[in-house]
Amino acid sequence: MAIARRPMFREGAFEAMPMAFGLAAWGLVAGVAMAKSGMGVPLAILMSLTVYAGSAQIAALPLISSGAPVWVVWATTLCVCLRFMAFSFHYRPYFAHLPRRQRVALSFLMGDTTFALFIRRFPEPVPGPAYEDYFLGTSLVTYGVWQLAIIVGIVAGAGIPASWGLGFAGTMALLALTCTQLRNPITWVAAVVAACAAVAAYALPLKLNILVAIAAAVAVGVLADRAQAFRGGARP
Amino acid sequence: MSALEILLTTIGMGLITLACRAFFLFPKEDLPMPHWLREGLRYAPIAALAAVVAPELVLTQGQLIDTWRDARIFGALAGLGFYAWRRSLFGTIVCGTGVMLGLRFGLGW
C-alpha cells in the first residue's frame, strides 16, 4: 500500500513498536480470559475484532458467563468506554478537515496507547502535519499486535497460566503512558485524584469507578485552573 | 447466555464503543460546550489512564492490599523510577515487569 511509504506513517508505526511488548502480553492475557469464559473460539475472536477494547471485553466476560442481562453488559461497556469520548474530543481539531466517513473510520482505531503517543508527539493541533498518517501508522501496528496476541491467547487458552503475571506488562505499559501525559503540576494532581477515586469507588457496579475518577479529576483540574488564573499566575 | 445472545451482545458492545470513539468526530460542526468543560476535559485522558492503572496495582479481588510485600507495588515503583531516569516507554515496561516477576518468583511475594 502506498500509505506505508509516507514518512508520517512510518514514524507512527516506528514509535508504536516499543509498546508492542506490553500490548502483546496484555492481549495474550485478555485472550486467555476470553477462552476461559467458555464463549467459544469464533465468538471470542469476533468480539475481539469488532469491539477492540481490552478493558471493556474483560469487564464484560464475567457478566456474560454468569448470564447477566444484556443491558448490564452494555451499560458496563459504556462506562468503561466513556474515556474514548475524551480521546475523541481531543482528536477533533486534528481530524476536523477530513471527510466524515474517514473520521469515523479513524475513530474505530482509537485506543489508549495510540492516544498517548499521538498527544506526546503533537501536543498542539497546528495546521500542517499529516496527522492522519501518523495516527494510522501507530494504530495499525497496535491493532495488528493486539489482535495477534489476543487470538493466540484465545486459541492457546488454558495453556498459559495466570500466575505468570503477564497482565502486569500491560499495566506497566499504561503506567508509562500515564507518565507521558504529566505535563504540568495540575496534571499530576489530576492523575493522583483520579487514581485515588478509582480505588476508593472500586466497589461501584458497572465499572462506574472509572467515570467517578474522571469526573473528580476534571473537577479538580477546573478548580486548579481557576485558582491559578485568580492569583494571576501564568505557570506553564 | 446462548451463542445467539452472545453474538447480539457483542454487536451491541461494538456499536457502543464505536459511538464513544466517534462521539466528537462524527458531527459536522463543533459541539457547543461551556468553556470550563472544554478546559476541564484536558484532564480527562490522564485521569482515565490513572483510573485504569491504580486499581490494578493496589487491589486484590477488590480489596485494598494490606501488606507492603506485594510484588506489583515494587514493580510499579521500579517502572516509575526508570521512566523518570530515561523517559523510555519500553524500558519502563521491561523494568517494571522484570522487578515484579523477580520478586514474585524469587521471593514468592
# chains A, B, ... in the order shown; residues from 1 in each chain; ligands from 1
>>> select_by_dssp(residues="stretch 14-99 of chain B", states="strand (DSSP E)", output="JSON list (two decimals) with C-alpha atoms, in the first residue's frame")
[["chain", "number", "residue", "atom", "x", "y", "z"],
["B", 59, "LEU", "CA", -6.32, -4.06, 44.81],
["B", 60, "THR", "CA", -6.57, -7.85, 45.06],
["B", 63, "GLN", "CA", -9.76, -5.46, 48.42],
["B", 64, "LEU", "CA", -7.01, -2.96, 49.19]]
>>> select_by_dssp(residues="stretch 42-74 of chain B", states="alpha helix (DSSP H)", output="NGL selection string")
:B and (44-58 or 71-74)
>>> write_last_selection(atoms="N, CA and C atoms", output="compact mmCIF listing (two decimals), in the first residue's frame")
# COMPACT_ATOMS: atom_id res chain seq x y z
N ALA B 44 -9.16 14.80 31.27
CA ALA B 44 -9.88 13.52 31.24
C ALA B 44 -9.00 12.35 30.78
N PRO B 45 -8.18 12.50 29.74
CA PRO B 45 -7.41 11.32 29.31
C PRO B 45 -6.43 10.82 30.36
N ILE B 46 -5.70 11.72 31.01
CA ILE B 46 -4.75 11.26 32.02
C ILE B 46 -5.50 10.66 33.20
N ALA B 47 -6.68 11.24 33.51
CA ALA B 47 -7.49 10.69 34.60
C ALA B 47 -7.93 9.28 34.26
N ALA B 48 -8.35 9.07 33.00
CA ALA B 48 -8.82 7.75 32.60
C ALA B 48 -7.70 6.72 32.70
N LEU B 49 -6.50 7.11 32.24
CA LEU B 49 -5.37 6.18 32.31
C LEU B 49 -5.06 5.84 33.77
N ALA B 50 -4.97 6.87 34.61
CA ALA B 50 -4.65 6.64 36.02
C ALA B 50 -5.73 5.78 36.68
N ALA B 51 -7.00 6.01 36.28
CA ALA B 51 -8.10 5.27 36.88
C ALA B 51 -8.08 3.80 36.50
N VAL B 52 -7.56 3.49 35.33
CA VAL B 52 -7.47 2.09 34.92
C VAL B 52 -6.28 1.41 35.60
N VAL B 53 -5.18 2.16 35.75
CA VAL B 53 -3.94 1.57 36.28
C VAL B 53 -4.01 1.34 37.79
N ALA B 54 -4.45 2.37 38.54
CA ALA B 54 -4.34 2.32 40.01
C ALA B 54 -4.96 1.07 40.64
N PRO B 55 -6.23 0.73 40.29
CA PRO B 55 -6.80 -0.47 40.93
C PRO B 55 -6.01 -1.75 40.62
N GLU B 56 -5.39 -1.80 39.45
CA GLU B 56 -4.59 -2.98 39.08
C GLU B 56 -3.38 -3.14 39.99
N LEU B 57 -2.92 -2.03 40.56
CA LEU B 57 -1.70 -2.07 41.36
C LEU B 57 -1.95 -2.32 42.84
N VAL B 58 -3.05 -1.80 43.38
CA VAL B 58 -3.20 -1.85 44.84
C VAL B 58 -4.41 -2.66 45.31
N ALA B 71 4.52 -7.71 45.14
CA ALA B 71 5.47 -7.55 44.03
C ALA B 71 5.04 -6.43 43.08
N ARG B 72 3.71 -6.21 42.96
CA ARG B 72 3.23 -5.22 42.00
C ARG B 72 3.67 -3.81 42.36
N ILE B 73 3.60 -3.49 43.68
CA ILE B 73 3.96 -2.15 44.13
C ILE B 73 5.40 -1.84 43.75
N PHE B 74 6.29 -2.80 44.03
CA PHE B 74 7.71 -2.55 43.76
C PHE B 74 7.98 -2.55 42.25
>>> interface_residues(of="chain A", to="chain B", cutoff="7 Å", atoms="only C-alpha atoms", output="ChimeraX atom specification")
/A:18-19,22,43,47,50-51,64-65,67,70,74,77-78,81-89,92,100,103-104,107-108,110,168-169,171-176,178,181,187,190-191,194-195,198-199,202,210,213-214,217-219,221-222
>>> residues_around(residues="stretch 156-162 of chain A", least_positions_apart="6", cutoff="7 Å", atoms="only C-alpha atoms", output="list of chain:residue names")
A:Val32, A:Ala35, A:Lys36
>>> atom_distance(atom1="atom CA of A:Val220", atom2="atom CA of A:Phe115")
22.3 Å
>>> decode(residues="stretch 37-90 of chain B", atoms="C-alpha atoms", output="PDB file, in the first residue's frame")
ATOM      1  CA  LEU B  37     -15.842  21.919  30.488  1.00  0.00           C
ATOM      2  CA  ARG B  38     -13.687  22.379  27.398  1.00  0.00           C
ATOM      3  CA  GLU B  39     -10.799  23.299  29.708  1.00  0.00           C
ATOM      4  CA  GLY B  40     -11.569  20.530  32.171  1.00  0.00           C
ATOM      5  CA  LEU B  41     -11.702  17.817  29.517  1.00  0.00           C
ATOM      6  CA  ARG B  42      -7.977  18.327  29.003  1.00  0.00           C
ATOM      7  CA  TYR B  43      -7.527  16.366  32.207  1.00  0.00           C
ATOM      8  CA  ALA B  44      -9.876  13.518  31.237  1.00  0.00           C
ATOM      9  CA  PRO B  45      -7.405  11.322  29.306  1.00  0.00           C
ATOM     10  CA  ILE B  46      -4.752  11.258  32.022  1.00  0.00           C
ATOM     11  CA  ALA B  47      -7.486  10.692  34.598  1.00  0.00           C
ATOM     12  CA  ALA B  48      -8.821   7.747  32.596  1.00  0.00           C
ATOM     13  CA  LEU B  49      -5.373   6.178  32.310  1.00  0.00           C
ATOM     14  CA  ALA B  50      -4.651   6.639  36.023  1.00  0.00           C
ATOM     15  CA  ALA B  51      -8.102   5.269  36.885  1.00  0.00           C
ATOM     16  CA  VAL B  52      -7.475   2.085  34.916  1.00  0.00           C
ATOM     17  CA  VAL B  53      -3.942   1.570  36.276  1.00  0.00           C
ATOM     18  CA  ALA B  54      -4.340   2.320  40.009  1.00  0.00           C
ATOM     19  CA  PRO B  55      -6.801  -0.474  40.934  1.00  0.00           C
ATOM     20  CA  GLU B  56      -4.593  -2.980  39.076  1.00  0.00           C
ATOM     21  CA  LEU B  57      -1.698  -2.069  41.359  1.00  0.00           C
ATOM     22  CA  VAL B  58      -3.204  -1.848  44.844  1.00  0.00           C
ATOM     23  CA  LEU B  59      -6.324  -4.061  44.806  1.00  0.00           C
ATOM     24  CA  THR B  60      -6.568  -7.847  45.063  1.00  0.00           C
ATOM     25  CA  GLN B  61     -10.038  -9.288  44.381  1.00  0.00           C
ATOM     26  CA  GLY B  62     -11.479  -5.814  45.023  1.00  0.00           C
ATOM     27  CA  GLN B  63      -9.763  -5.460  48.424  1.00  0.00           C
ATOM     28  CA  LEU B  64      -7.012  -2.959  49.188  1.00  0.00           C
ATOM     29  CA  ILE B  65      -3.789  -4.910  49.790  1.00  0.00           C
ATOM     30  CA  ASP B  66      -2.797  -4.991  53.476  1.00  0.00           C
ATOM     31  CA  THR B  67       0.865  -5.892  53.116  1.00  0.00           C
ATOM     32  CA  TRP B  68       3.795  -3.955  51.718  1.00  0.00           C
ATOM     33  CA  ARG B  69       5.239  -7.214  50.439  1.00  0.00           C
ATOM     34  CA  ASP B  70       3.384  -7.052  47.152  1.00  0.00           C
ATOM     35  CA  ALA B  71       5.467  -7.548  44.029  1.00  0.00           C
ATOM     36  CA  ARG B  72       3.232  -5.217  41.996  1.00  0.00           C
ATOM     37  CA  ILE B  73       3.958  -2.148  44.129  1.00  0.00           C
ATOM     38  CA  PHE B  74       7.707  -2.549  43.761  1.00  0.00           C
ATOM     39  CA  GLY B  75       7.385  -3.361  40.065  1.00  0.00           C
ATOM     40  CA  ALA B  76       5.403  -0.159  39.543  1.00  0.00           C
ATOM     41  CA  LEU B  77       7.891   1.893  41.580  1.00  0.00           C
ATOM     42  CA  ALA B  78      10.776   0.429  39.571  1.00  0.00           C
ATOM     43  CA  GLY B  79       8.937   1.266  36.342  1.00  0.00           C
ATOM     44  CA  LEU B  80       8.264   4.830  37.517  1.00  0.00           C
ATOM     45  CA  GLY B  81      11.882   5.219  38.546  1.00  0.00           C
ATOM     46  CA  PHE B  82      13.077   4.010  35.179  1.00  0.00           C
ATOM     47  CA  TYR B  83      10.744   6.403  33.392  1.00  0.00           C
ATOM     48  CA  ALA B  84      11.974   9.330  35.495  1.00  0.00           C
ATOM     49  CA  TRP B  85      15.554   8.337  34.645  1.00  0.00           C
ATOM     50  CA  ARG B  86      15.357   7.517  30.949  1.00  0.00           C
ATOM     51  CA  ARG B  87      11.900   8.604  29.657  1.00  0.00           C
ATOM     52  CA  SER B  88      11.732   5.292  27.808  1.00  0.00           C
ATOM     53  CA  LEU B  89       8.361   3.581  27.378  1.00  0.00           C
ATOM     54  CA  PHE B  90       9.861   0.225  26.503  1.00  0.00           C
TER      55      PHE B  90
END
